[in-house]
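Chemist: Next comes protein_22.pdb, PDB, C-alpha atoms and all ligand atoms:
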```pdb
MODEL        1
ATOM      1  CA  MET A   1     -10.925-187.267-263.448
ATOM      2  CA  ALA A   2      -8.641-187.376-260.439
ATOM      3  CA  VAL A   3      -5.447-185.396-260.610
ATOM      4  CA  GLU A   4      -2.378-187.183-262.023
ATOM      5  CA  PRO A   5       0.741-187.451-259.807
ATOM      6  CA  ARG A   6       2.900-185.543-262.284
ATOM      7  CA  GLN A   7       0.289-182.799-262.661
ATOM      8  CA  LEU A   8      -0.077-182.360-258.928
ATOM      9  CA  SER A   9       3.658-182.244-258.289
ATOM     10  CA  ASP A  10       4.135-179.683-261.106
ATOM     11  CA  ARG A  11       1.323-177.510-259.772
ATOM     12  CA  LEU A  12       2.634-177.804-256.233
ATOM     13  CA  ARG A  13       6.079-176.681-257.331
ATOM     14  CA  ALA A  14       4.568-173.727-259.239
ATOM     15  CA  VAL A  15       2.417-172.717-256.260
ATOM     16  CA  ARG A  16       5.368-172.871-253.859
ATOM     17  CA  ALA A  17       7.391-170.675-256.244
ATOM     18  CA  ARG A  18       4.557-168.134-256.414
ATOM     19  CA  ILE A  19       4.276-168.122-252.605
ATOM     20  CA  ALA A  20       8.029-167.495-252.353
ATOM     21  CA  GLU A  21       7.851-164.673-254.929
ATOM     22  CA  ALA A  22       4.922-163.005-253.165
ATOM     23  CA  CYS A  23       6.841-163.218-249.875
ATOM     24  CA  ALA A  24       9.964-161.778-251.499
ATOM     25  CA  ARG A  25       8.007-158.772-252.821
ATOM     26  CA  VAL A  26       7.065-157.772-249.268
ATOM     27  CA  ARG A  27      10.173-159.133-247.520
ATOM     28  CA  ARG A  28       8.365-161.886-245.669
ATOM     29  CA  ASP A  29       9.860-165.244-244.771
ATOM     30  CA  PRO A  30       8.052-167.949-246.829
ATOM     31  CA  ALA A  31       8.159-170.149-243.711
ATOM     32  CA  GLU A  32       5.490-167.818-242.263
ATOM     33  CA  VAL A  33       2.957-168.922-244.879
ATOM     34  CA  ARG A  34       1.334-172.334-244.602
ATOM     35  CA  LEU A  35      -0.191-173.949-247.652
ATOM     36  CA  MET A  36      -3.542-175.659-247.147
ATOM     37  CA  ALA A  37      -4.863-178.068-249.774
ATOM     38  CA  VAL A  38      -8.625-177.599-250.049
ATOM     39  CA  ILE A  39      -9.980-181.056-250.753
ATOM     40  CA  LYS A  40     -13.731-180.567-251.193
ATOM     41  CA  THR A  41     -14.991-182.920-253.943
ATOM     42  CA  GLN A  42     -11.528-184.542-254.221
ATOM     43  CA  PRO A  43     -11.380-188.328-253.883
ATOM     44  CA  PRO A  44      -9.277-189.923-251.113
ATOM     45  CA  GLU A  45      -6.670-190.947-253.710
ATOM     46  CA  ALA A  46      -5.997-187.300-254.591
ATOM     47  CA  VAL A  47      -5.618-186.383-250.917
ATOM     48  CA  ALA A  48      -3.274-189.309-250.262
ATOM     49  CA  LEU A  49      -1.242-188.264-253.295
ATOM     50  CA  ALA A  50      -1.015-184.698-251.958
ATOM     51  CA  ALA A  51       0.128-186.055-248.593
ATOM     52  CA  SER A  52       2.776-188.215-250.252
ATOM     53  CA  LEU A  53       4.084-185.055-251.965
ATOM     54  CA  GLY A  54       4.595-183.421-248.594
ATOM     55  CA  LEU A  55       1.343-181.513-248.022
ATOM     56  CA  THR A  56       0.154-181.922-244.442
ATOM     57  CA  LEU A  57      -2.602-179.342-244.048
ATOM     58  CA  PHE A  58      -6.038-180.143-245.474
ATOM     59  CA  GLY A  59      -9.228-178.102-245.555
ATOM     60  CA  GLU A  60     -12.661-179.627-245.924
ATOM     61  CA  ASN A  61     -15.967-177.781-246.225
ATOM     62  CA  ARG A  62     -18.355-180.387-244.892
ATOM     63  CA  VAL A  63     -18.303-182.502-241.753
ATOM     64  CA  GLN A  64     -19.889-185.438-243.525
ATOM     65  CA  GLU A  65     -17.448-185.398-246.431
ATOM     66  CA  ALA A  66     -14.492-185.346-244.028
ATOM     67  CA  GLU A  67     -15.977-188.172-241.981
ATOM     68  CA  LEU A  68     -16.007-190.408-245.019
ATOM     69  CA  LYS A  69     -12.761-189.221-246.564
ATOM     70  CA  ARG A  70     -10.422-189.061-243.613
ATOM     71  CA  PRO A  71     -10.444-192.796-242.758
ATOM     72  CA  ALA A  72     -10.134-193.616-246.473
ATOM     73  CA  VAL A  73      -7.084-191.349-246.798
ATOM     74  CA  GLU A  74      -5.546-192.815-243.650
ATOM     75  CA  ALA A  75      -6.079-196.335-244.992
ATOM     76  CA  LEU A  76      -4.393-195.394-248.268
ATOM     77  CA  LEU A  77      -1.456-193.909-246.380
ATOM     78  CA  ALA A  78      -1.162-196.750-243.866
ATOM     79  CA  ASP A  79       1.441-198.445-246.041
ATOM     80  CA  ALA A  80       3.615-195.374-246.318
ATOM     81  CA  PRO A  81       3.546-193.555-242.987
ATOM     82  CA  ALA A  82       7.304-193.155-242.883
ATOM     83  CA  ARG A  83       7.211-191.017-246.029
ATOM     84  CA  LEU A  84       4.854-188.439-244.551
ATOM     85  CA  ALA A  85       6.527-185.161-243.658
ATOM     86  CA  SER A  86       4.552-184.885-240.399
ATOM     87  CA  PRO A  87       1.107-185.814-239.050
ATOM     88  CA  LEU A  88      -1.769-184.589-241.201
ATOM     89  CA  GLU A  89      -3.846-181.694-239.947
ATOM     90  CA  TRP A  90      -7.509-181.324-240.936
ATOM     91  CA  HIS A  91      -9.352-178.010-240.717
ATOM     92  CA  LEU A  92     -13.046-177.289-241.182
ATOM     93  CA  ILE A  93     -13.339-174.324-243.563
ATOM     94  CA  GLY A  94     -17.050-174.544-244.420
ATOM     95  CA  PRO A  95     -20.063-173.457-242.368
ATOM     96  CA  LEU A  96     -20.790-175.519-239.241
ATOM     97  CA  GLN A  97     -24.365-176.313-238.259
ATOM     98  CA  SER A  98     -24.846-176.558-234.501
ATOM     99  CA  ASN A  99     -26.172-180.116-234.735
ATOM    100  CA  LYS A 100     -22.854-181.231-236.283
ATOM    101  CA  ALA A 101     -20.618-179.498-233.730
ATOM    102  CA  ALA A 102     -19.864-182.698-231.787
ATOM    103  CA  ARG A 103     -18.774-184.523-234.919
ATOM    104  CA  ALA A 104     -16.652-181.544-235.972
ATOM    105  CA  ALA A 105     -14.891-181.410-232.593
ATOM    106  CA  ALA A 106     -14.008-185.089-232.885
ATOM    107  CA  LEU A 107     -12.820-184.863-236.480
ATOM    108  CA  PHE A 108     -10.931-181.604-237.024
ATOM    109  CA  GLN A 109      -7.766-180.200-235.451
ATOM    110  CA  VAL A 110      -9.009-176.654-236.138
ATOM    111  CA  VAL A 111     -12.476-175.228-236.834
ATOM    112  CA  GLN A 112     -11.925-172.051-238.854
ATOM    113  CA  THR A 113     -15.535-170.962-239.269
ATOM    114  CA  LEU A 114     -17.029-169.886-235.934
ATOM    115  CA  ASP A 115     -19.324-166.958-236.604
ATOM    116  CA  ARG A 116     -22.005-166.807-233.902
ATOM    117  CA  PRO A 117     -22.216-166.903-230.098
ATOM    118  CA  GLU A 118     -24.464-170.010-229.870
ATOM    119  CA  LEU A 119     -22.002-172.038-231.924
ATOM    120  CA  ILE A 120     -19.070-170.911-229.777
ATOM    121  CA  GLN A 121     -20.929-171.865-226.590
ATOM    122  CA  ARG A 122     -21.995-175.209-227.982
ATOM    123  CA  LEU A 123     -18.575-176.194-229.271
ATOM    124  CA  ASP A 124     -17.061-175.127-225.942
ATOM    125  CA  ARG A 125     -19.466-177.288-223.927
ATOM    126  CA  LEU A 126     -18.833-180.266-226.193
ATOM    127  CA  GLN A 127     -15.070-179.937-226.052
ATOM    128  CA  GLN A 128     -15.119-179.499-222.270
ATOM    129  CA  ALA A 129     -17.084-182.744-222.010
ATOM    130  CA  ARG A 130     -14.577-184.470-224.301
ATOM    131  CA  MET A 131     -11.715-183.137-222.163
ATOM    132  CA  ARG A 132     -13.320-184.518-219.002
ATOM    133  CA  GLU A 133     -13.629-187.933-220.629
ATOM    134  CA  SER A 134     -10.106-187.932-222.096
ATOM    135  CA  PRO A 135      -7.757-186.057-219.762
ATOM    136  CA  GLY A 136      -5.039-185.865-222.437
ATOM    137  CA  LEU A 137      -7.210-183.699-224.690
ATOM    138  CA  THR A 138      -6.491-179.984-224.966
ATOM    139  CA  PRO A 139      -8.821-177.079-225.893
ATOM    140  CA  LEU A 140      -9.972-177.088-229.513
ATOM    141  CA  PRO A 141      -8.222-174.461-231.669
ATOM    142  CA  VAL A 142     -10.789-172.253-233.417
ATOM    143  CA  MET A 143     -10.849-169.210-235.686
ATOM    144  CA  LEU A 144     -13.532-166.623-236.298
ATOM    145  CA  GLU A 145     -14.817-166.323-239.846
ATOM    146  CA  ILE A 146     -15.371-162.696-240.776
ATOM    147  CA  ASN A 147     -17.689-161.622-243.596
ATOM    148  CA  LEU A 148     -15.898-158.354-244.335
ATOM    149  CA  ALA A 149     -18.228-157.098-247.054
ATOM    150  CA  ARG A 150     -21.323-158.285-245.139
ATOM    151  CA  GLU A 151     -22.441-160.315-248.143
ATOM    152  CA  PRO A 152     -25.856-161.688-247.183
ATOM    153  CA  GLN A 153     -25.418-164.991-249.055
ATOM    154  CA  LYS A 154     -22.198-165.767-247.182
ATOM    155  CA  HIS A 155     -21.449-167.110-243.733
ATOM    156  CA  GLY A 156     -19.180-165.297-241.326
ATOM    157  CA  ALA A 157     -19.676-162.611-238.707
ATOM    158  CA  ALA A 158     -19.856-158.904-239.534
ATOM    159  CA  PRO A 159     -16.543-157.221-238.696
ATOM    160  CA  ASP A 160     -18.036-155.171-235.864
ATOM    161  CA  MET A 161     -19.093-158.411-234.148
ATOM    162  CA  ALA A 162     -15.513-159.688-234.057
ATOM    163  CA  PRO A 163     -14.488-158.188-230.672
ATOM    164  CA  ALA A 164     -17.523-159.635-228.846
ATOM    165  CA  LEU A 165     -17.102-163.030-230.498
ATOM    166  CA  ALA A 166     -13.396-163.050-229.719
ATOM    167  CA  ASP A 167     -14.127-162.256-226.076
ATOM    168  CA  SER A 168     -16.654-165.048-225.793
ATOM    169  CA  ALA A 169     -14.250-167.543-227.405
ATOM    170  CA  LEU A 170     -11.414-166.350-225.151
ATOM    171  CA  ALA A 171     -13.602-166.974-222.104
ATOM    172  CA  CYS A 172     -14.155-170.624-223.121
ATOM    173  CA  SER A 173     -11.945-173.178-221.390
ATOM    174  CA  GLY A 174     -12.752-175.738-224.098
ATOM    175  CA  LEU A 175     -11.596-173.511-226.957
ATOM    176  CA  ARG A 176      -8.356-171.795-227.947
ATOM    177  CA  LEU A 177      -8.833-168.831-230.273
ATOM    178  CA  CYS A 178      -6.044-168.995-232.853
ATOM    179  CA  GLY A 179      -6.877-166.627-235.687
ATOM    180  CA  LEU A 180      -9.260-165.058-238.168
ATOM    181  CA  MET A 181     -10.458-166.412-241.487
ATOM    182  CA  THR A 182     -12.219-164.737-244.406
ATOM    183  CA  VAL A 183     -13.585-165.389-247.877
ATOM    184  CA  PRO A 184     -13.717-161.935-249.480
ATOM    185  CA  PRO A 185     -16.091-161.008-252.320
ATOM    186  CA  ASP A 186     -15.364-162.922-255.507
ATOM    187  CA  LEU A 187     -13.308-160.239-257.234
ATOM    188  CA  PRO A 188     -10.013-160.095-259.123
ATOM    189  CA  ALA A 189      -7.056-160.217-256.735
ATOM    190  CA  ASP A 190      -6.377-156.483-256.914
ATOM    191  CA  GLN A 191      -9.899-155.660-255.860
ATOM    192  CA  ALA A 192      -9.856-158.274-253.094
ATOM    193  CA  ARG A 193      -6.663-156.792-251.662
ATOM    194  CA  PRO A 194      -8.357-154.107-249.508
ATOM    195  CA  TYR A 195     -10.355-156.857-247.777
ATOM    196  CA  PHE A 196      -7.161-158.714-246.909
ATOM    197  CA  ALA A 197      -5.721-155.505-245.511
ATOM    198  CA  GLN A 198      -8.925-154.989-243.529
ATOM    199  CA  LEU A 199      -8.686-158.469-241.945
ATOM    200  CA  ARG A 200      -5.042-157.841-241.043
ATOM    201  CA  GLU A 201      -5.972-154.561-239.349
ATOM    202  CA  LEU A 202      -8.903-156.099-237.490
ATOM    203  CA  SER A 203      -6.659-158.936-236.348
ATOM    204  CA  GLY A 204      -3.905-156.567-235.241
ATOM    205  CA  LYS A 205      -6.340-154.545-233.134
ATOM    206  CA  LEU A 206      -7.864-157.629-231.528
ATOM    207  CA  ARG A 207      -4.518-159.131-230.646
ATOM    208  CA  GLU A 208      -3.193-155.869-229.296
ATOM    209  CA  THR A 209      -6.212-155.090-227.126
ATOM    210  CA  ARG A 210      -6.590-158.679-225.855
ATOM    211  CA  GLY A 211      -2.916-159.285-225.151
ATOM    212  CA  LEU A 212      -2.639-162.010-227.792
ATOM    213  CA  ASN A 213       0.471-160.813-229.600
ATOM    214  CA  HIS A 214       2.575-163.724-228.402
ATOM    215  CA  GLN A 215       0.012-166.496-228.880
ATOM    216  CA  PRO A 216      -0.003-168.727-231.971
ATOM    217  CA  TRP A 217      -2.224-166.935-234.483
ATOM    218  CA  ASP A 218      -3.203-167.353-238.131
ATOM    219  CA  LEU A 219      -4.670-165.095-240.763
ATOM    220  CA  SER A 220      -6.433-167.589-243.029
ATOM    221  CA  MET A 221      -7.045-165.767-246.303
ATOM    222  CA  GLY A 222      -6.299-166.199-250.002
ATOM    223  CA  MET A 223      -7.568-168.796-252.476
ATOM    224  CA  SER A 224      -6.380-169.923-255.900
ATOM    225  CA  HIS A 225      -7.149-166.680-257.727
ATOM    226  CA  ASP A 226      -5.964-164.206-255.109
ATOM    227  CA  PHE A 227      -3.455-165.873-252.757
ATOM    228  CA  GLU A 228      -0.506-163.723-253.767
ATOM    229  CA  ALA A 229      -2.368-160.521-252.842
ATOM    230  CA  ALA A 230      -3.404-162.171-249.558
ATOM    231  CA  ILE A 231       0.210-163.072-248.763
ATOM    232  CA  GLU A 232       1.364-159.548-249.573
ATOM    233  CA  GLU A 233      -1.253-158.321-247.079
ATOM    234  CA  GLY A 234      -0.198-160.701-244.303
ATOM    235  CA  ALA A 235      -1.847-164.118-244.803
ATOM    236  CA  THR A 236      -0.196-166.890-242.789
ATOM    237  CA  LEU A 237      -2.386-169.674-244.193
ATOM    238  CA  VAL A 238      -3.601-169.782-247.820
ATOM    239  CA  ARG A 239      -6.357-172.188-248.856
ATOM    240  CA  LEU A 240      -5.874-173.582-252.352
ATOM    241  CA  GLY A 241      -8.080-176.028-254.235
ATOM    242  CA  THR A 242      -8.110-175.353-257.976
ATOM    243  CA  ALA A 243      -4.474-174.230-258.165
ATOM    244  CA  LEU A 244      -3.437-177.683-256.916
ATOM    245  CA  PHE A 245      -6.088-180.125-258.081
ATOM    246  CA  GLY A 246      -7.440-178.354-261.174
ATOM    247  CA  PRO A 247     -11.041-177.244-261.775
ATOM    248  CA  ARG A 248     -13.697-178.989-259.661
ATOM    249  CA  GLU A 249     -16.393-180.960-261.475
TER     250      GLU A 249
HETATM  251  C1  LIG B   1     -13.315-173.954-252.034
HETATM  252  C2  LIG B   1     -12.684-173.098-251.005
HETATM  253  C3  LIG B   1     -11.356-172.680-251.123
HETATM  254  C4  LIG B   1     -10.460-173.005-252.302
HETATM  255  O1  LIG B   1     -10.945-172.429-253.480
HETATM  256  P1  LIG B   1     -10.057-172.450-254.830
HETATM  257  O2  LIG B   1     -10.559-171.282-255.563
HETATM  258  O3  LIG B   1     -10.378-173.734-255.504
HETATM  259  O4  LIG B   1      -8.650-172.337-254.434
HETATM  260  C5  LIG B   1     -10.825-171.923-250.084
HETATM  261  N1  LIG B   1     -11.555-171.592-249.008
HETATM  262  C6  LIG B   1     -12.837-171.979-248.861
HETATM  263  C7  LIG B   1     -13.579-171.578-247.642
HETATM  264  C8  LIG B   1     -13.438-172.733-249.861
HETATM  265  O5  LIG B   1     -14.735-173.084-249.710
ENDMDL
END
```
Output the file's structure as structure tokens, nothing else.
Ligand SMILES: *Cc1c(COP(=O)(O)O)cnc(C)c1O

Modeler:
Amino acid sequence: MAVEPRQLSDRLRAVRARIAEACARVRRDPAEVRLMAVIKTQPPEAVALAASLGLTLFGENRVQEAELKRPAVEALLADAPARLASPLEWHLIGPLQSNKAARAAALFQVVQTLDRPELIQRLDRLQQARMRESPGLTPLPVMLEINLAREPQKHGAAPDMAPALADSALACSGLRLCGLMTVPPDLPADQARPYFAQLRELSGKLRETRGLNHQPWDLSMGMSHDFEAAIEEGATLVRLGTALFGPRE
């Protein structure tokens, strides 16, 4: 069952209130926290509905799913472009296989899940080629995904690899490093909190030592069950699926 308009707008209002309360607890400006709708398994109609309610940032886990869904969403919205708050932004938040890097570069505004040197090099080469073909194109914004607890079943680089990966991304003229992303162990929010603090500290050190303090930068952390803790620890982009669309089938 796709989400009903009333349900989605009620949940969106509740989520925005919880974001504002979490910000108030730590004296942050709610404008510093962007809300991403995670649309894996959601039909195009649900995404178009979310866009019509003012959401502009969408996260998809799979290249192939986004390839099918994005044109369908755009077709649904073609009648109502004037009502959109601003252009939609699509981020890849699931693992990227090297053989899909070209499709990802063409499809997403941001790839949040770089976690190994070969993938960085490959995406850089592809984007440089795209930039040569289309002189208006700019470097592709990318984030490093960090596997803080080194969970073997999860993607993401070990935290001690982050400086080397950041340096290789920073050396790429086809890429623009714009933040760190993490999916911490699946624990209650209070127990996930130290991981959020750890990502903030890692990020602070990287930015300081690489002179990135004045560049656009995101800390992408926090999901439906733990986003308030993530915001209290410094998240600038929270990724919510269930809290907006309800349980996935
Ligand atoms: C599915 C997913 C989310 C959203 O999860 P919810 O618990 O439904 O909010 C966020 N980030 C990533 C990387 C995901 O795969």

Chemist: Restricting the calculation to all atoms listed in the file: of A:Asp226, A:Glu208, A:Asp124, A:Glu4, which residue gets closest to Arg176 in chain A?

Modeler: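 With all atoms listed in the file as the atom set, the closest residue is A:Asp124.
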
Chemist: Using only C-alpha atoms, determine which residues lie at most 9 Å from Ala102 in chain A, disregarding the query and same-chain residues fewer than 4 positions distant; provide the list as a list in words.

Modeler: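 Counting only the stated atoms, we get Ser98, Ala106, Leu107, Arg122, Leu123, Leu126 and Gln127 of chain A.
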
Chemist: Return the single residue from A:Glu145, A:Glu89, A:Glu232, A:Glu151 that is closest to ligand LIG 1 (chain B), with distances computed using only C-alpha atoms and all ligand atoms.

Modeler: A:Glu145

Chemist: For the structure shown, which residues end up in the PyMOL selection byres (((not hetatm)) within 9 of (chain B and resi 1))? Put them as a PyMOL selection string, please?

Modeler: chain A and resi 36-40+59-61+92-95+112-113+181-183+220-227+238-248

Chemist: Compare A:Arg150, A:Arg28, A:His91, A:Arg132 by their minimum atom-to-atom distance to Phe58 in chain A, counting all atoms listed in the file, and give me the closest one.

Modeler: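 Checking each of A:Arg150, A:Arg28, A:His91, A:Arg132 against Phe58 in chain A, counting all atoms listed in the file, the winner is A:His91.
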
Chemist: Evaluate the PyMOL selection byres (((chain A and resi 195) around 12) and not hetatm) on the structure here and hand back the selected residues as a PyMOL selection string.

Modeler: chain A and resi 146-150+159+181-194+196-202+221-222+226+229-230+233-235

Chemist: CA of Ala31 in chain A to CA of Asp218 in chain A: how many Å, to one decimal?

Modeler: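 Rounded to one decimal, the two atoms are 13.0 Å apart.
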
Chemist: Please indicate the distance in Å from CA of Asp10 in chain A to CA of Thr56 in chain A, rounded to one decimal place.

Modeler: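 A separation of 17.3 Å between them.
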
Chemist: Could you tell me how far CA of Ala101 in chain A lies from CA of Glu45 in chain A, in Å and to one decimal?

Modeler: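 It comes out at 26.9 Å.
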
Chemist: Which neighbours of Val110 in chain A fall inside 8 Å, counting only C-alpha atoms, when residues of the same chain fewer than 4 positions from it are skipped, and could you give them as a VMD selection string?

Modeler: chain A and resid 90 to 92 140 to 143

Chemist: May I have the selected residues written with C-alpha atoms, as a short mmCIF file (atom, residue, chain, number, x, y, z; two decimals), in the frame of the given file?

Modeler:
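Output contents, as saved in out.cif:
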```cif
data_model
loop_
_atom_site.label_atom_id
_atom_site.label_comp_id
_atom_site.auth_asym_id
_atom_site.auth_seq_id
_atom_site.Cartn_x
_atom_site.Cartn_y
_atom_site.Cartn_z
CA TRP A 90 -7.51 -181.32 -240.94
CA HIS A 91 -9.35 -178.01 -240.72
CA LEU A 92 -13.05 -177.29 -241.18
CA LEU A 140 -9.97 -177.09 -229.51
CA PRO A 141 -8.22 -174.46 -231.67
CA VAL A 142 -10.79 -172.25 -233.42
CA MET A 143 -10.85 -169.21 -235.69
#
```

Chemist: Set up a box along x, y and z of the file covering all listed atoms of range 12-26 of chain A, add 3 Å on every one of the six sides, and write the centre and edge lengths in Å to one decimal, as lines of an AutoDock Vina configuration file.

Modeler:
```
center_x = 6.2
center_y = -167.8
center_z = -254.3
size_x = 13.5
size_y = 26.0
size_z = 16.0
```

Chemist: So, with only C-alpha atoms as the atoms that count, which of A:Lys205, A:Arg103, A:Arg62, A:Arg70 lies closest to Arg130 in chain A?

Modeler: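 Using only C-alpha atoms, the shortest distance to Arg130 in chain A belongs to A:Arg103.
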
Chemist: Restricting the calculation to only C-alpha atoms, which member of A:Ala158, A:Ala2, A:Leu88, A:Ile231 is positioned closest to Leu55 in chain A?

Modeler: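 So, comparing all the options, the nearest one is A:Leu88.
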
Chemist: Using the chain letters and numbers from this file, what does the PyMOL selection byres (((chain A and resi 210) around 12) and not hetatm) select? Give the answer as a PyMOL selection string.

Modeler: chain A and resi 163-164+166-171+177+203-209+211-215

Chemist: Would you please work out which residue, of A:Pro5, A:Asp29, A:Leu144, A:Arg18, is nearest to Ser52 in chain A when using only C-alpha atoms?

Modeler: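 Between A:Pro5, A:Asp29, A:Leu144, A:Arg18, the residue approaching Ser52 in chain A most closely is A:Pro5.
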
Chemist: Is it possible to add N, CA and C atoms to range 112-130 of chain A and hand it back as a short mmCIF file (atom, residue, chain, number, x, y, z; two decimals), in the coordinates of the input?

Modeler:
```
data_model
loop_
_atom_site.label_atom_id
_atom_site.label_comp_id
_atom_site.auth_asym_id
_atom_site.auth_seq_id
_atom_site.Cartn_x
_atom_site.Cartn_y
_atom_site.Cartn_z
N GLN A 112 -12.26 -173.43 -238.45
CA GLN A 112 -11.92 -172.05 -238.85
C GLN A 112 -13.14 -171.15 -238.97
N THR A 113 -14.36 -171.69 -238.80
CA THR A 113 -15.54 -170.96 -239.27
C THR A 113 -16.55 -170.61 -238.18
N LEU A 114 -16.08 -170.32 -236.97
CA LEU A 114 -17.03 -169.89 -235.93
C LEU A 114 -17.50 -168.47 -236.25
N ASP A 115 -18.81 -168.27 -236.22
CA ASP A 115 -19.32 -166.96 -236.60
C ASP A 115 -20.53 -166.50 -235.78
N ARG A 116 -20.87 -167.25 -234.71
CA ARG A 116 -22.00 -166.81 -233.90
C ARG A 116 -21.87 -167.34 -232.47
N PRO A 117 -22.42 -166.57 -231.51
CA PRO A 117 -22.22 -166.90 -230.10
C PRO A 117 -22.72 -168.30 -229.73
N GLU A 118 -23.90 -168.70 -230.26
CA GLU A 118 -24.46 -170.01 -229.87
C GLU A 118 -23.52 -171.14 -230.26
N LEU A 119 -22.89 -170.98 -231.45
CA LEU A 119 -22.00 -172.04 -231.92
C LEU A 119 -20.74 -172.11 -231.06
N ILE A 120 -20.24 -170.95 -230.67
CA ILE A 120 -19.07 -170.91 -229.78
C ILE A 120 -19.39 -171.61 -228.46
N GLN A 121 -20.55 -171.27 -227.88
CA GLN A 121 -20.93 -171.86 -226.59
C GLN A 121 -21.10 -173.37 -226.72
N ARG A 122 -21.72 -173.78 -227.80
CA ARG A 122 -22.00 -175.21 -227.98
C ARG A 122 -20.70 -176.01 -228.16
N LEU A 123 -19.83 -175.49 -229.02
CA LEU A 123 -18.58 -176.19 -229.27
C LEU A 123 -17.74 -176.24 -227.98
N ASP A 124 -17.78 -175.17 -227.21
CA ASP A 124 -17.06 -175.13 -225.94
C ASP A 124 -17.56 -176.21 -224.98
N ARG A 125 -18.90 -176.27 -224.83
CA ARG A 125 -19.47 -177.29 -223.93
C ARG A 125 -19.08 -178.68 -224.36
N LEU A 126 -19.16 -178.94 -225.67
CA LEU A 126 -18.83 -180.27 -226.19
C LEU A 126 -17.36 -180.61 -225.96
N GLN A 127 -16.50 -179.65 -226.22
CA GLN A 127 -15.07 -179.94 -226.05
C GLN A 127 -14.73 -180.10 -224.57
N GLN A 128 -15.36 -179.31 -223.72
CA GLN A 128 -15.12 -179.50 -222.27
C GLN A 128 -15.52 -180.90 -221.83
N ALA A 129 -16.64 -181.39 -222.35
CA ALA A 129 -17.08 -182.74 -222.01
C ALA A 129 -16.07 -183.76 -222.53
N ARG A 130 -15.57 -183.55 -223.75
CA ARG A 130 -14.58 -184.47 -224.30
C ARG A 130 -13.31 -184.45 -223.45
#
```
